[in-house]
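Trainee: My structure is stored as data01.cif, with mmCIF, C-alpha atoms.
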data_input
loop_
_atom_site.group_PDB
_atom_site.id
_atom_site.type_symbol
_atom_site.label_atom_id
_atom_site.label_comp_id
_atom_site.auth_asym_id
_atom_site.auth_seq_id
_atom_site.Cartn_x
_atom_site.Cartn_y
_atom_site.Cartn_z
ATOM 1 C CA MET A 10 93.339 88.302 127.422
ATOM 2 C CA SER A 11 96.363 86.747 125.716
ATOM 3 C CA TYR A 12 97.270 87.440 122.118
ATOM 4 C CA GLY A 13 95.850 85.093 119.489
ATOM 5 C CA TYR A 14 95.031 84.694 115.807
ATOM 6 C CA SER A 15 93.576 82.207 113.337
ATOM 7 C CA PRO A 16 96.110 80.356 111.132
ATOM 8 C CA ARG A 17 93.302 79.844 108.582
ATOM 9 C CA TRP A 18 92.662 83.568 108.269
ATOM 10 C CA ARG A 19 96.364 84.206 107.799
ATOM 11 C CA LEU A 20 96.598 81.533 105.121
ATOM 12 C CA LEU A 21 93.613 83.085 103.340
ATOM 13 C CA THR A 22 95.193 86.540 103.236
ATOM 14 C CA ILE A 23 98.450 85.050 101.959
ATOM 15 C CA ALA A 24 96.635 83.120 99.229
ATOM 16 C CA VAL A 25 94.771 86.242 98.063
ATOM 17 C CA LEU A 26 97.284 89.055 98.498
ATOM 18 C CA ARG A 27 100.623 87.405 97.718
ATOM 19 C CA PRO A 28 99.965 86.708 94.000
ATOM 20 C CA LEU A 29 98.207 90.070 93.654
ATOM 21 C CA LEU A 30 101.221 91.967 95.004
ATOM 22 C CA PHE A 31 103.689 89.922 92.958
ATOM 23 C CA GLY A 32 101.711 90.856 89.857
ATOM 24 C CA MET A 33 101.216 94.516 90.752
ATOM 25 C CA LEU A 34 104.703 95.566 91.872
ATOM 26 C CA LYS A 35 108.247 95.083 90.712
ATOM 27 C CA ARG A 36 110.696 94.601 93.576
ATOM 28 C CA ASP A 37 114.053 95.988 94.607
ATOM 29 C CA TRP A 38 114.425 94.320 97.987
ATOM 30 C CA ARG A 39 117.554 94.530 100.095
ATOM 31 C CA GLY A 40 118.584 93.515 103.590
ATOM 32 C CA GLN A 41 116.059 90.715 104.135
ATOM 33 C CA HIS A 42 118.811 88.753 105.893
ATOM 34 C CA ASN A 43 118.528 91.328 108.705
ATOM 35 C CA VAL A 44 114.957 90.257 109.488
ATOM 36 C CA PRO A 45 115.092 87.982 112.577
ATOM 37 C CA ALA A 46 113.694 84.547 111.820
ATOM 38 C CA GLU A 47 111.798 84.306 115.101
ATOM 39 C CA GLY A 48 110.938 86.118 118.304
ATOM 40 C CA GLY A 49 109.087 89.320 119.039
ATOM 41 C CA MET A 50 110.261 92.262 116.974
ATOM 42 C CA ILE A 51 109.232 95.760 115.931
ATOM 43 C CA VAL A 52 109.556 96.929 112.332
ATOM 44 C CA ALA A 53 109.883 100.728 112.239
ATOM 45 C CA ALA A 54 109.445 102.227 108.767
ATOM 46 C CA ASN A 55 109.015 105.576 107.059
ATOM 47 C CA HIS A 56 105.508 106.480 105.903
ATOM 48 C CA LEU A 57 104.947 107.740 102.357
ATOM 49 C CA SER A 58 101.508 106.620 101.257
ATOM 50 C CA TRP A 59 98.383 104.678 102.132
ATOM 51 C CA ALA A 60 99.853 101.976 99.893
ATOM 52 C CA ASP A 61 102.719 101.406 102.349
ATOM 53 C CA PRO A 62 101.134 98.734 104.573
ATOM 54 C CA LEU A 63 100.507 96.093 101.907
ATOM 55 C CA ALA A 64 103.811 96.699 100.133
ATOM 56 C CA LEU A 65 105.787 96.446 103.382
ATOM 57 C CA ALA A 66 103.739 93.459 104.524
ATOM 58 C CA HIS A 67 104.763 91.706 101.310
ATOM 59 C CA TYR A 68 108.459 92.371 101.986
ATOM 60 C CA VAL A 69 108.254 91.188 105.598
ATOM 61 C CA TYR A 70 106.266 88.072 104.747
ATOM 62 C CA GLU A 71 108.706 87.023 102.029
ATOM 63 C CA ALA A 72 111.465 87.451 104.633
ATOM 64 C CA GLY A 73 109.726 84.834 106.757
ATOM 65 C CA ARG A 74 107.504 86.834 109.134
ATOM 66 C CA TYR A 75 103.776 87.547 109.210
ATOM 67 C CA PRO A 76 103.158 91.283 109.792
ATOM 68 C CA VAL A 77 100.900 92.569 112.560
ATOM 69 C CA TYR A 78 99.680 96.172 112.408
ATOM 70 C CA LEU A 79 97.991 98.457 114.906
ATOM 71 C CA ALA A 80 94.903 99.607 112.998
ATOM 72 C CA LYS A 81 92.205 102.197 113.724
ATOM 73 C CA SER A 82 89.353 100.690 115.719
ATOM 74 C CA PRO A 83 86.524 101.637 113.276
ATOM 75 C CA LEU A 84 87.995 99.191 110.754
ATOM 76 C CA PHE A 85 87.265 96.347 113.190
ATOM 77 C CA GLU A 86 83.593 97.297 113.264
ATOM 78 C CA THR A 87 82.964 96.533 109.585
ATOM 79 C CA ARG A 88 81.706 93.030 108.919
ATOM 80 C CA PHE A 89 84.232 91.480 106.537
ATOM 81 C CA ILE A 90 87.300 93.672 107.078
ATOM 82 C CA GLY A 91 86.823 93.452 110.834
ATOM 83 C CA ALA A 92 86.709 89.659 110.646
ATOM 84 C CA VAL A 93 89.922 89.597 108.614
ATOM 85 C CA LEU A 94 91.721 91.956 110.980
ATOM 86 C CA ARG A 95 90.675 90.057 114.088
ATOM 87 C CA GLY A 96 91.345 86.682 112.502
ATOM 88 C CA THR A 97 94.872 87.589 111.414
ATOM 89 C CA GLY A 98 95.742 89.054 114.807
ATOM 90 C CA GLN A 99 95.867 92.748 113.968
ATOM 91 C CA ILE A 100 95.512 95.088 116.959
ATOM 92 C CA PRO A 101 92.827 97.802 117.269
ATOM 93 C CA VAL A 102 93.790 101.305 118.396
ATOM 94 C CA TYR A 103 91.158 103.503 120.032
ATOM 95 C CA ARG A 104 91.109 107.265 120.518
ATOM 96 C CA ASP A 105 89.952 107.041 124.132
ATOM 97 C CA SER A 106 92.961 107.177 126.461
ATOM 98 C CA VAL A 107 91.839 104.186 128.543
ATOM 99 C CA ASP A 108 91.296 102.001 125.484
ATOM 100 C CA ALA A 109 94.580 103.272 123.992
ATOM 101 C CA ALA A 110 96.361 101.842 127.027
ATOM 102 C CA MET A 111 94.660 98.517 126.274
ATOM 103 C CA ALA A 112 96.075 98.632 122.744
ATOM 104 C CA LEU A 113 99.567 99.116 124.167
ATOM 105 C CA LYS A 114 99.039 96.131 126.459
ATOM 106 C CA ALA A 115 97.834 94.062 123.484
ATOM 107 C CA ALA A 116 100.950 95.093 121.549
ATOM 108 C CA GLU A 117 103.163 94.002 124.447
ATOM 109 C CA GLU A 118 101.371 90.638 124.591
ATOM 110 C CA ALA A 119 101.848 90.186 120.850
ATOM 111 C CA LEU A 120 105.572 90.886 121.133
ATOM 112 C CA ARG A 121 105.942 88.443 124.006
ATOM 113 C CA ALA A 122 104.092 85.902 121.858
ATOM 114 C CA GLY A 123 106.829 86.275 119.241
ATOM 115 C CA GLN A 124 104.939 88.422 116.727
ATOM 116 C CA CYS A 125 106.327 90.908 114.198
ATOM 117 C CA LEU A 126 104.724 94.316 114.854
ATOM 118 C CA MET A 127 104.755 96.961 112.136
ATOM 119 C CA PHE A 128 104.990 100.624 113.124
ATOM 120 C CA TYR A 129 105.236 104.018 111.456
ATOM 121 C CA PRO A 130 106.915 106.136 114.157
ATOM 122 C CA GLU A 131 106.023 109.351 112.307
ATOM 123 C CA GLY A 132 102.357 108.629 113.057
ATOM 124 C CA THR A 133 101.245 109.863 109.636
ATOM 125 C CA CYS A 134 102.527 110.159 106.084
ATOM 126 C CA THR A 135 105.520 112.442 105.885
ATOM 127 C CA ARG A 136 104.917 116.119 105.244
ATOM 128 C CA ASP A 137 108.552 116.741 104.379
ATOM 129 C CA PRO A 138 108.536 118.500 100.973
ATOM 130 C CA ASN A 139 111.165 116.074 99.670
ATOM 131 C CA LEU A 140 109.540 113.017 101.281
ATOM 132 C CA TRP A 141 112.292 112.353 103.817
ATOM 133 C CA PRO A 142 111.222 110.878 107.168
ATOM 134 C CA MET A 143 109.989 113.309 109.802
ATOM 135 C CA THR A 144 110.825 113.291 113.489
ATOM 136 C CA GLY A 145 109.091 110.352 115.171
ATOM 137 C CA GLN A 146 106.699 109.882 118.051
ATOM 138 C CA THR A 147 108.100 108.056 121.068
ATOM 139 C CA GLY A 148 105.679 105.112 121.240
ATOM 140 C CA VAL A 149 107.939 102.672 119.394
ATOM 141 C CA ALA A 150 110.892 103.450 121.629
ATOM 142 C CA ARG A 151 108.762 103.104 124.761
ATOM 143 C CA LEU A 152 107.391 99.736 123.631
ATOM 144 C CA ALA A 153 110.819 98.413 122.601
ATOM 145 C CA ILE A 154 112.502 99.465 125.842
ATOM 146 C CA SER A 155 109.709 98.124 128.063
ATOM 147 C CA THR A 156 109.630 94.706 126.341
ATOM 148 C CA GLY A 157 113.332 94.363 125.521
ATOM 149 C CA VAL A 158 112.726 93.573 121.837
ATOM 150 C CA LYS A 159 114.886 94.940 119.061
ATOM 151 C CA VAL A 160 113.726 97.437 116.464
ATOM 152 C CA LEU A 161 114.261 96.611 112.793
ATOM 153 C CA PRO A 162 114.693 99.859 110.817
ATOM 154 C CA VAL A 163 113.153 99.679 107.338
ATOM 155 C CA ALA A 164 113.094 102.293 104.597
ATOM 156 C CA HIS A 165 111.077 102.133 101.401
ATOM 157 C CA TRP A 166 110.559 104.173 98.257
ATOM 158 C CA GLY A 167 107.962 103.839 95.503
ATOM 159 C CA ALA A 168 104.606 103.509 97.273
ATOM 160 C CA HIS A 169 103.991 107.237 96.724
ATOM 161 C CA GLU A 170 104.045 106.593 92.969
ATOM 162 C CA LEU A 171 101.396 103.887 93.289
ATOM 163 C CA LEU A 172 99.053 105.915 95.498
ATOM 164 C CA PRO A 173 100.216 109.487 96.235
ATOM 165 C CA TYR A 174 99.330 110.762 99.679
ATOM 166 C CA GLY A 175 96.337 113.091 99.782
ATOM 167 C CA THR A 176 94.716 111.683 96.641
ATOM 168 C CA LYS A 177 92.584 108.682 95.732
ATOM 169 C CA LYS A 178 94.276 108.291 92.356
ATOM 170 C CA PHE A 179 95.480 104.707 92.261
ATOM 171 C CA ARG A 180 98.174 104.471 89.569
ATOM 172 C CA PRO A 181 99.112 100.828 88.920
ATOM 173 C CA PHE A 182 100.336 101.494 85.366
ATOM 174 C CA PRO A 183 103.057 101.537 84.365
ATOM 175 C CA ARG A 184 104.036 98.873 86.882
ATOM 176 C CA LYS A 185 105.809 100.463 89.854
ATOM 177 C CA THR A 186 108.965 99.272 91.604
ATOM 178 C CA MET A 187 108.850 98.977 95.385
ATOM 179 C CA HIS A 188 112.312 99.651 96.802
ATOM 180 C CA VAL A 189 112.742 98.332 100.354
ATOM 181 C CA ILE A 190 115.795 97.971 102.577
ATOM 182 C CA ALA A 191 116.126 96.660 106.136
ATOM 183 C CA GLY A 192 119.083 97.626 108.273
ATOM 184 C CA GLU A 193 120.563 95.755 111.191
ATOM 185 C CA PRO A 194 118.254 95.571 114.238
ATOM 186 C CA ILE A 195 118.659 98.468 116.641
ATOM 187 C CA ASP A 196 119.363 97.343 120.193
ATOM 188 C CA LEU A 197 117.866 99.813 122.663
ATOM 189 C CA SER A 198 118.895 97.804 125.736
ATOM 190 C CA LYS A 199 121.319 100.597 126.710
ATOM 191 C CA TYR A 200 118.261 102.617 127.726
ATOM 192 C CA ALA A 201 116.701 99.835 129.808
ATOM 193 C CA ASP A 202 118.385 100.800 133.094
ATOM 194 C CA GLN A 203 117.586 104.484 132.708
ATOM 195 C CA PRO A 204 114.397 106.170 133.921
ATOM 196 C CA MET A 205 111.933 106.273 131.023
ATOM 197 C CA THR A 206 111.912 110.056 130.830
ATOM 198 C CA ALA A 207 110.885 112.183 127.875
ATOM 199 C CA THR A 208 114.575 112.882 127.216
ATOM 200 C CA VAL A 209 115.489 109.192 127.097
ATOM 201 C CA LEU A 210 112.532 108.333 124.856
ATOM 202 C CA ARG A 211 113.334 111.224 122.515
ATOM 203 C CA GLU A 212 116.974 110.153 122.261
ATOM 204 C CA ALA A 213 116.002 106.567 121.437
ATOM 205 C CA THR A 214 113.388 107.759 118.936
ATOM 206 C CA ASN A 215 115.895 110.031 117.221
ATOM 207 C CA GLU A 216 118.258 107.070 116.869
ATOM 208 C CA ILE A 217 115.527 105.050 115.176
ATOM 209 C CA MET A 218 114.469 107.832 112.799
ATOM 210 C CA ARG A 219 118.017 108.811 111.878
ATOM 211 C CA THR A 220 118.767 105.177 110.978
ATOM 212 C CA ILE A 221 115.648 105.011 108.782
ATOM 213 C CA ALA A 222 116.640 108.263 107.071
ATOM 214 C CA GLU A 223 120.141 106.937 106.341
ATOM 215 C CA LEU A 224 118.653 103.767 104.841
ATOM 216 C CA LEU A 225 116.313 105.812 102.671
ATOM 217 C CA GLY A 226 119.288 107.861 101.519
ATOM 218 C CA GLU A 227 120.943 104.616 100.432
ATOM 219 C CA LEU A 228 117.846 103.662 98.419
ATOM 220 C CA ARG A 229 117.560 107.078 96.812
ATOM 221 C CA GLY A 230 121.293 107.595 96.268
ATOM 222 C CA GLU A 231 121.050 110.897 98.120
ATOM 223 C CA GLU A 232 122.200 112.399 101.397
ATOM 224 C CA PRO A 233 119.347 112.766 103.909
ATOM 225 C CA PRO A 234 118.887 116.112 105.643
ATOM 226 C CA LYS A 235 120.938 116.692 108.786
ATOM 227 C CA GLU A 236 117.802 117.702 110.663
ATOM 228 C CA LEU A 237 114.573 115.792 110.070
ATOM 229 C CA TYR A 238 111.378 117.688 109.357
ATOM 230 C CA ASP A 239 109.411 118.408 112.535
ATOM 231 C CA HIS A 240 105.725 118.496 111.591
ATOM 232 C CA LYS A 241 104.521 119.849 114.946
ATOM 233 C CA LYS A 242 107.094 122.612 114.884
ATOM 234 C CA ALA A 243 106.140 123.491 111.301
ATOM 235 C CA ILE A 244 102.450 123.742 112.260
ATOM 236 C CA ALA A 245 103.275 125.950 115.246
ATOM 237 C CA GLU A 246 105.430 128.199 113.088
ATOM 238 C CA ARG A 247 102.686 128.492 110.452
ATOM 239 C CA ARG A 248 100.112 129.414 113.094
ATOM 240 C CA ARG A 249 102.503 132.000 114.524
ATOM 241 C CA ARG A 250 102.965 133.568 111.091
ATOM 242 C CA ASP A 251 99.221 133.496 110.392
ATOM 243 C CA GLY A 252 98.581 135.124 113.754
ATOM 244 C CA LYS A 253 101.024 137.909 113.017
ATOM 245 C CA GLY A 254 99.467 138.444 109.598
ATOM 246 C CA ALA A 255 95.967 138.659 111.074
ATOM 247 C CA ALA A 256 97.143 141.110 113.748
ATOM 248 C CA ALA A 257 98.833 143.311 111.136
ATOM 249 C CA SER A 258 95.671 143.516 109.047
#
Could the structure of this file be written out as structure tokens, please?
Mentor:
Amino acid sequence: MSYGYSPRWRLLTIAVLRPLLFGMLKRDWRGQHNVPAEGGMIVAANHLSWADPLALAHYVYEAGRYPVYLAKSPLFETRFIGAVLRGTGQIPVYRDSVDAAMALKAAEEALRAGQCLMFYPEGTCTRDPNLWPMTGQTGVARLAISTGVKVLPVAHWGAHELLPYGTKKFRPFPRKTMHVIAGEPIDLSKYADQPMTATVLREATNEIMRTIAELLGELRGEEPPKELYDHKKAIAERRRRDGKGAAAS
């Protein structure tokens, strides 16, 4: 099945959400000239809050592109939200490995159809204590290398003030500023002729995440950490410590 969407559904979401977001958030937007005007592309951004998707969608749309997200499959099963997601061309992601492969195929079809796909390479909101980006998962790099599209690195700051991660406390007042910056597209074509090994994918992913971290440092006026927070490693270390503590007792 080829990728498709309903222009009417997209127009409806624009008509509803665009004025709402203009009224809700102040904007410090930079680097919109780096957003390609056409063609398949991947936006890779840091993940701070559940408020990220709409705020970043606003930035990308005002730069001339309609954002397409990979969303959890249960959302597509609800009556109204599911209709909106399907109508606007969002892509469902399933937990089952076979269906997950179908989602990757759908993402490839969307890119070849010239769509703008939005990704959070970290896979979840950052657990870094200072809210810097974490190390990323390799899916974005794999998709970019296999399709030949460029990756647009985007960093943002401010969504965590609107809706802090881990809480349901929506804080629209006082009006928050959404700081967003897009860097120059990252060309991963140098990896195209290499075997798609774990080492190659990790190297490409590290390049993407380091670029995002540098952009976030520019927004925050701070130097990002030399080594990004590794959530999996931190969990393993915590379990190791807990295991030692339990054994000692």
Trainee: Give me the result of the PyMOL selection byres ((chain A and resi 39) around 8) on this file, residue by residue, as a PDB file with C-alpha atoms, in the frame of the given file.
Mentor:
ATOM      1  CA  ASP A  37     114.053  95.988  94.607  1.00  0.00           C
ATOM      2  CA  TRP A  38     114.425  94.320  97.987  1.00  0.00           C
ATOM      3  CA  GLY A  40     118.584  93.515 103.590  1.00  0.00           C
ATOM      4  CA  GLN A  41     116.059  90.715 104.135  1.00  0.00           C
ATOM      5  CA  VAL A 189     112.742  98.332 100.354  1.00  0.00           C
ATOM      6  CA  ILE A 190     115.795  97.971 102.577  1.00  0.00           C
ATOM      7  CA  ALA A 191     116.126  96.660 106.136  1.00  0.00           C
TER       8      ALA A 191
END
Trainee: Can you tell me which residues surround Tyr238 in chain A at a distance of at most 9 Å, considering only C-alpha atoms, apart from same-chain residues fewer than 6 positions away, and format the answer as a list in words?
Mentor: Thr135, Arg136, Asp137, Pro138, Trp141, Pro142, Met143 and Thr144 of chain A
Trainee: Against range 169-173 of chain A, which residues of range 106-152 of chain A fall within 12 Å? For each one I want the closest pair of atoms and the distance in Å (one decimal), counting all atoms listed in the file, rows by chain and increasing residue number, as CSV.
Mentor:
residue,atom,partner,partner_atom,distance
A:Cys134,CA,A:His169,CA,9.9
A:Thr135,CA,A:His169,CA,10.6
A:Asn139,CA,A:His169,CA,11.8
A:Leu140,CA,A:His169,CA,9.2
Trainee: Could you tell me, as a compact mmCIF listing (two decimals) with C-alpha atoms, in the coordinates of the input, exactly which residues end up selected when the PyMOL selection byres ((chain A and resi 61) around 10) is applied to this structure?
Mentor:
# COMPACT_ATOMS: atom_id res chain seq x y z
CA ALA A 54 109.44 102.23 108.77
CA ASN A 55 109.02 105.58 107.06
CA HIS A 56 105.51 106.48 105.90
CA LEU A 57 104.95 107.74 102.36
CA SER A 58 101.51 106.62 101.26
CA TRP A 59 98.38 104.68 102.13
CA ALA A 60 99.85 101.98 99.89
CA PRO A 62 101.13 98.73 104.57
CA LEU A 63 100.51 96.09 101.91
CA ALA A 64 103.81 96.70 100.13
CA LEU A 65 105.79 96.45 103.38
CA ALA A 66 103.74 93.46 104.52
CA HIS A 67 104.76 91.71 101.31
CA TYR A 129 105.24 104.02 111.46
CA CYS A 134 102.53 110.16 106.08
CA HIS A 165 111.08 102.13 101.40
CA TRP A 166 110.56 104.17 98.26
CA GLY A 167 107.96 103.84 95.50
CA ALA A 168 104.61 103.51 97.27
CA HIS A 169 103.99 107.24 96.72
CA LEU A 171 101.40 103.89 93.29
CA LEU A 172 99.05 105.92 95.50
CA MET A 187 108.85 98.98 95.38
Trainee: Which residue out of A:Gly145, A:His188, A:Thr220, A:Glu212 has the minimum interatomic distance to Lys241 in chain A when all atoms listed in the file are used?
Mentor: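 So, comparing all the options, the nearest one is A:Gly145.
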Trainee: Suppose you want the space between CA of Glu223 in chain A and CA of Met33 in chain A; what is it in Å?
Mentor: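 It comes out at 27.5 Å.
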Trainee: Here's the selection I'm unsure about, the PyMOL selection byres ((chain A and resi 95-97) around 7); applied to the file above, which residues does it give, as a ChimeraX atom specification?
Mentor: /A:14-15,18-19,91-94,98-99
Trainee: Counting all atoms listed in the file, write as a PyMOL selection string all protein and nucleic acid residues lying at most 8 Å from (107.3, 107.8, 127.2) in the file's frame.
Mentor: chain A and resi 147-148+150-151+205-207+210
Trainee: Report as a ChimeraX atom specification all protein, DNA and RNA residues lying within 8 Å of Tyr75 in chain A, evaluated on all atoms listed in the file, omitting residues in the same chain fewer than 6 positions from it.
Mentor: /A:66,69,124-125
Trainee: Quick check, in Å to one decimal: how far apart do CA of Ile51 in chain A and CA of Val163 in chain A lie?
Mentor: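 Pair CA of Ile51 in chain A / CA of Val163 in chain A returns 10.2 Å.
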Trainee: Residues at most 10 Å from Ser155 in chain A, counting all atoms listed in the file, excluding those fewer than 6 positions away in the same chain, as a PyMOL selection string?
Mentor: chain A and resi 117+149+197-198+200-201+205
Trainee: Could you turn the residues from that selection into a file that holds C-alpha atoms, as a PDB file, in the coordinates of the input?
Mentor:
ATOM      1  CA  GLU A 117     103.163  94.002 124.447  1.00  0.00           C
ATOM      2  CA  VAL A 149     107.939 102.672 119.394  1.00  0.00           C
ATOM      3  CA  LEU A 197     117.866  99.813 122.663  1.00  0.00           C
ATOM      4  CA  SER A 198     118.895  97.804 125.736  1.00  0.00           C
ATOM      5  CA  TYR A 200     118.261 102.617 127.726  1.00  0.00           C
ATOM      6  CA  ALA A 201     116.701  99.835 129.808  1.00  0.00           C
ATOM      7  CA  MET A 205     111.933 106.273 131.023  1.00  0.00           C
TER       8      MET A 205
END
Trainee: Record the distance separating CA of Leu34 in chain A and CA of Pro130 in chain A, expressed in Å with one decimal.
Mentor: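 Straight-line distance from CA of Leu34 in chain A to CA of Pro130 in chain A works out to 24.8 Å.
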Trainee: Out of A:Ile90, A:Ala153, A:Val209, A:Val77, which residue has the shortest atom-to-atom distance to Gly13 in chain A when counting all atoms listed in the file?
Mentor: A:Val77
Trainee: Pick out the closest residue to Pro204 in chain A from this set: A:Glu231, A:Ala245, A:Ile154, A:Ala222. Count only C-alpha atoms.
Mentor: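 Going through A:Glu231, A:Ala245, A:Ile154, A:Ala222 one by one, the smallest distance to Pro204 in chain A is for A:Ile154.
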Trainee: Rank A:Gly123, A:Gly49, A:Gly230, A:Gly157 by their smallest atom-to-atom distance to Asp202 in chain A, using only C-alpha atoms, and report the top residue only.
Mentor: A:Gly157
Trainee: List every residue of range 120-213 of chain A that has an atom at most 7 Å from any atom of range 42-46 of chain A, and for each one report the closest atom pair and its distance in Å to one decimal, counting only C-alpha atoms, with rows sorted by chain and then by increasing residue number, as a Markdown table.
Mentor:
| residue | atom | partner | partner_atom | distance |
| --- | --- | --- | --- | --- |
| A:Ala191 | CA | A:Asn43 | CA | 6.4 |
| A:Gly192 | CA | A:Asn43 | CA | 6.3 |
| A:Glu193 | CA | A:Asn43 | CA | 5.5 |
| A:Pro194 | CA | A:Asn43 | CA | 7.0 |
Trainee: Output C-alpha atoms for every residue in the selection just made, as a CSV table (one decimal), keeping the file's coordinate frame.
Mentor:
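Below you can see result27.csv, which holds the result:
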chain,number,residue,atom,x,y,z
A,191,ALA,CA,116.1,96.7,106.1
A,192,GLY,CA,119.1,97.6,108.3
A,193,GLU,CA,120.6,95.8,111.2
A,194,PRO,CA,118.3,95.6,114.2
Trainee: Closest to Ala112 in chain A among A:Lys81, A:Arg88, A:Lys199, A:Arg180, using all atoms listed in the file?
Mentor: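 Checking each of A:Lys81, A:Arg88, A:Lys199, A:Arg180 against Ala112 in chain A, counting all atoms listed in the file, the winner is A:Lys81.
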Trainee: From the options A:Pro28, A:Pro234, A:Gly226, A:Gly48, which residue's atoms come nearest to Arg121 in chain A, counting all atoms listed in the file?
Mentor: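 Using all atoms listed in the file, the shortest distance to Arg121 in chain A belongs to A:Gly48.
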Trainee: Give as an mmCIF file with C-alpha atoms, keeping the file's coordinate frame every residue, naming chains and numbers as the document does, that has an atom within 7 Å of (98.7, 94.5, 87.0), counting all atoms listed in the file.
Mentor:
data_model
loop_
_atom_site.group_PDB
_atom_site.id
_atom_site.type_symbol
_atom_site.label_atom_id
_atom_site.label_comp_id
_atom_site.auth_asym_id
_atom_site.auth_seq_id
_atom_site.Cartn_x
_atom_site.Cartn_y
_atom_site.Cartn_z
ATOM 1 C CA GLY A 32 101.711 90.856 89.857
ATOM 2 C CA MET A 33 101.216 94.516 90.752
ATOM 3 C CA PRO A 181 99.112 100.828 88.920
ATOM 4 C CA ARG A 184 104.036 98.873 86.882
#
Trainee: Add whatever atoms are absent from range 160-173 of chain A to reach N, CA, C and O atoms, and provide the output as a PDB file, in the coordinates of the input.
Mentor:
ATOM      1  N   VAL A 160     114.458  96.703 117.492  1.00  0.00           N
ATOM      2  CA  VAL A 160     113.726  97.437 116.464  1.00  0.00           C
ATOM      3  C   VAL A 160     114.433  97.252 115.131  1.00  0.00           C
ATOM      4  O   VAL A 160     115.640  97.513 115.014  1.00  0.00           O
ATOM      5  N   LEU A 161     113.699  96.780 114.127  1.00  0.00           N
ATOM      6  CA  LEU A 161     114.261  96.611 112.793  1.00  0.00           C
ATOM      7  C   LEU A 161     113.948  97.861 111.979  1.00  0.00           C
ATOM      8  O   LEU A 161     112.785  98.117 111.653  1.00  0.00           O
ATOM      9  N   PRO A 162     114.948  98.666 111.625  1.00  0.00           N
ATOM     10  CA  PRO A 162     114.693  99.859 110.817  1.00  0.00           C
ATOM     11  C   PRO A 162     114.513  99.490 109.350  1.00  0.00           C
ATOM     12  O   PRO A 162     115.317  98.749 108.780  1.00  0.00           O
ATOM     13  N   VAL A 163     113.450  99.978 108.740  1.00  0.00           N
ATOM     14  CA  VAL A 163     113.153  99.679 107.338  1.00  0.00           C
ATOM     15  C   VAL A 163     112.825 100.980 106.616  1.00  0.00           C
ATOM     16  O   VAL A 163     112.075 101.820 107.127  1.00  0.00           O
ATOM     17  N   ALA A 164     113.408 101.143 105.445  1.00  0.00           N
ATOM     18  CA  ALA A 164     113.094 102.293 104.597  1.00  0.00           C
ATOM     19  C   ALA A 164     112.553 101.786 103.272  1.00  0.00           C
ATOM     20  O   ALA A 164     112.960 100.722 102.792  1.00  0.00           O
ATOM     21  N   HIS A 165     111.637 102.539 102.694  1.00  0.00           N
ATOM     22  CA  HIS A 165     111.077 102.133 101.401  1.00  0.00           C
ATOM     23  C   HIS A 165     110.847 103.350 100.539  1.00  0.00           C
ATOM     24  O   HIS A 165     110.728 104.483 101.018  1.00  0.00           O
ATOM     25  N   TRP A 166     110.731 103.102  99.234  1.00  0.00           N
ATOM     26  CA  TRP A 166     110.559 104.173  98.257  1.00  0.00           C
ATOM     27  C   TRP A 166     109.782 103.614  97.066  1.00  0.00           C
ATOM     28  O   TRP A 166     110.112 102.537  96.571  1.00  0.00           O
ATOM     29  N   GLY A 167     108.730 104.295  96.658  1.00  0.00           N
ATOM     30  CA  GLY A 167     107.962 103.839  95.503  1.00  0.00           C
ATOM     31  C   GLY A 167     106.470 103.779  95.738  1.00  0.00           C
ATOM     32  O   GLY A 167     105.684 103.896  94.792  1.00  0.00           O
ATOM     33  N   ALA A 168     106.044 103.592  96.996  1.00  0.00           N
ATOM     34  CA  ALA A 168     104.606 103.509  97.273  1.00  0.00           C
ATOM     35  C   ALA A 168     103.889 104.813  96.928  1.00  0.00           C
ATOM     36  O   ALA A 168     102.715 104.802  96.561  1.00  0.00           O
ATOM     37  N   HIS A 169     104.592 105.937  97.033  1.00  0.00           N
ATOM     38  CA  HIS A 169     103.991 107.237  96.724  1.00  0.00           C
ATOM     39  C   HIS A 169     103.687 107.385  95.230  1.00  0.00           C
ATOM     40  O   HIS A 169     102.870 108.216  94.841  1.00  0.00           O
ATOM     41  N   GLU A 170     104.338 106.570  94.403  1.00  0.00           N
ATOM     42  CA  GLU A 170     104.045 106.593  92.969  1.00  0.00           C
ATOM     43  C   GLU A 170     102.807 105.760  92.659  1.00  0.00           C
ATOM     44  O   GLU A 170     102.077 106.046  91.707  1.00  0.00           O
ATOM     45  N   LEU A 171     102.567 104.746  93.475  1.00  0.00           N
ATOM     46  CA  LEU A 171     101.396 103.887  93.289  1.00  0.00           C
ATOM     47  C   LEU A 171     100.123 104.587  93.768  1.00  0.00           C
ATOM     48  O   LEU A 171      99.082 104.557  93.097  1.00  0.00           O
ATOM     49  N   LEU A 172     100.205 105.219  94.927  1.00  0.00           N
ATOM     50  CA  LEU A 172      99.053 105.915  95.498  1.00  0.00           C
ATOM     51  C   LEU A 172      99.569 107.138  96.255  1.00  0.00           C
ATOM     52  O   LEU A 172      99.881 107.054  97.438  1.00  0.00           O
ATOM     53  N   PRO A 173      99.676 108.284  95.581  1.00  0.00           N
ATOM     54  CA  PRO A 173     100.216 109.487  96.235  1.00  0.00           C
ATOM     55  C   PRO A 173      99.375 109.888  97.443  1.00  0.00           C
ATOM     56  O   PRO A 173      98.143 109.803  97.408  1.00  0.00           O
TER      57      PRO A 173
END
